[in-house]
Amino acid sequence: HLAASLLVFEHYRKRSPGLKELMLLSLLTASHARELAMLRNLPDPEEAHLCGMFRNLGEVLIAGYFPREYARILQHLELKNKGESIACFEVLGFRYEELGEAMAKHWGMPESVIIGIRADGALSSSEIGVITSFSHELTAAVYRREFDAKRDGVAEVLARYAKRLSITRDEVAQIL
C-alpha cells in the first residue's frame with residue numbers, strides 16, 4: 001500500500017506546484033487515516049493509509065490533466081463562496097468523487113479504496129469510510145483553509161465525528 005502511494009505521489013509531484021500541494025495533502029490524509037486506524041486497533045492500518053491517499057484522486061486528476069477547469073473551480077470557490085462539490089459540478093458536470101471512484105474501479109483498486117473515495121462523512125456505512133472522510137476533512141481543516149481566528153476547524157470536524165468515532169480532542173492532537 002505504501003509503495004503504491006509513493007508511486008502515485010512521484011508521478012504527479014512533477015506536474016505543477018499546485019499539484020504537488022494536493023499530493024502533500026493526500027499524504028497527510030493518508031497519515032491521519034493510518035494513525036486513527038492504529039488508535040482504534042484496526043487489523044490493517046495500511047489499508048486506511050491507502051484509502052486516505054486516494055481520497056482526493058478525482059481532484060488530483062482534474063488538477064493534473066485539466067488545469068484550466070481546475071482553476072475555474074477554485075475561482076468559483078473563492079468568488080462565489082460555494083462549496084467544493086457545487087463548484088466542481090458547475091464547472092465539470094460531475095463531482096471529484098465520481099471521477100475518483102470511476103478511475104479507482106478502472107485501475108482495479110481494492111473495494112475499500114472506492115468506499116473511501118465516495119464515503120460521505122460520519123454517516124458512511126463502513127468504518128473505513130468514516131475514517132477516510134474524517135481524515136480528509138481534518139486535513140482540509142488544518143492545512144487547506146485560510147486561518148480564521150474566529151473559527152476552529154478542528155473543533156468543527158470533531159463535532160461531526162466525535163460520537164461516531166468515539167474520538168477526543170486529545171486523540172485528534174495525537175493524530176496530527
# chains A, B, ... in the order shown; residues from 1 in each chain; ligands from 1
$ select_by_dssp --residues "stretch 5-162 of chain A" --states "alpha helix (DSSP H)" --output "PyMOL selection string"
chain A and resi 5-13+17-39+45-54+57-65+67-79+84-92+96-106+111-118+127-139+153-162
$ residues_around --residues "A:Leu50" --least-positions-apart "2" --cutoff "7 Å" --atoms "only C-alpha atoms" --output "PyMOL selection string"
chain A and resi 1+5+30+46-48+52-54+113
$ closest_residue --among "A:Leu77, A:Ala102, A:Val172, A:Met109" --to "A:Leu138" --atoms "only C-alpha atoms"
A:Val172
$ residues_around --residues "stretch 121-135 of chain A" --least-positions-apart "4" --cutoff "12 Å" --atoms "only C-alpha atoms" --output "PyMOL selection string"
chain A and resi 25-40+42-56+97+111-117+139-143+154+156-167+172+175-176
$ write_last_selection --atoms "C-alpha atoms" --output "short mmCIF file (atom, residue, chain, number, x, y, z; two decimals), in the first residue's frame"
data_model
loop_
_atom_site.label_atom_id
_atom_site.label_comp_id
_atom_site.auth_asym_id
_atom_site.auth_seq_id
_atom_site.Cartn_x
_atom_site.Cartn_y
_atom_site.Cartn_z
CA LEU A 25 -2.45 16.86 1.29
CA SER A 26 -3.08 13.28 0.12
CA LEU A 27 -0.10 12.08 2.12
CA LEU A 28 -1.31 13.97 5.20
CA THR A 29 -4.79 12.46 4.85
CA ALA A 30 -3.21 9.02 4.47
CA SER A 31 -1.14 9.57 7.60
CA HIS A 32 -4.16 10.76 9.60
CA ALA A 33 -6.19 7.74 8.47
CA ARG A 34 -3.41 5.31 9.41
CA GLU A 35 -2.92 6.95 12.82
CA LEU A 36 -6.65 6.80 13.56
CA ALA A 37 -6.81 3.16 12.47
CA MET A 38 -3.93 2.36 14.82
CA LEU A 39 -5.65 4.22 17.67
CA ARG A 40 -8.74 2.08 17.03
CA LEU A 42 -7.90 -1.94 13.36
CA PRO A 43 -6.26 -5.03 11.87
CA ASP A 44 -4.83 -3.25 8.81
CA PRO A 45 -3.82 0.40 9.33
CA GLU A 46 -2.07 0.36 5.95
CA GLU A 47 -5.47 -0.17 4.29
CA ALA A 48 -6.64 3.04 5.97
CA HIS A 49 -3.46 4.73 4.72
CA LEU A 50 -4.18 3.68 1.15
CA CYS A 51 -7.80 4.84 1.39
CA GLY A 52 -6.67 8.22 2.70
CA MET A 53 -4.06 8.52 -0.03
CA PHE A 54 -6.61 8.10 -2.78
CA ARG A 55 -9.49 10.03 -1.16
CA ASN A 56 -8.91 13.08 -3.37
CA GLU A 97 -15.52 11.80 -6.08
CA GLU A 111 -13.11 -2.00 -2.79
CA SER A 112 -12.04 -0.27 0.43
CA VAL A 113 -10.37 2.49 -1.62
CA ILE A 114 -13.56 3.00 -3.62
CA ILE A 115 -15.56 3.14 -0.38
CA GLY A 116 -13.10 5.71 0.98
CA ILE A 117 -13.39 7.89 -2.12
CA THR A 139 -6.52 17.61 6.66
CA ALA A 140 -8.63 20.28 4.97
CA ALA A 141 -9.44 21.98 8.28
CA VAL A 142 -5.82 22.15 9.40
CA TYR A 143 -3.85 22.59 6.19
CA VAL A 154 -10.63 21.06 14.08
CA GLU A 156 -15.96 21.63 13.70
CA VAL A 157 -14.65 18.35 12.29
CA LEU A 158 -14.54 16.80 15.75
CA ALA A 159 -18.15 17.85 16.41
CA ARG A 160 -19.27 15.97 13.27
CA TYR A 161 -17.30 12.79 14.01
CA ALA A 162 -16.75 12.59 17.80
CA LYS A 163 -19.76 10.43 18.52
CA ARG A 164 -19.35 8.06 15.57
CA LEU A 165 -15.62 7.57 16.10
CA SER A 166 -15.60 7.96 19.89
CA ILE A 167 -12.67 10.33 19.48
CA VAL A 172 -7.03 14.31 17.34
CA ILE A 175 -3.19 12.03 15.15
CA LEU A 176 -1.99 15.40 13.90
#
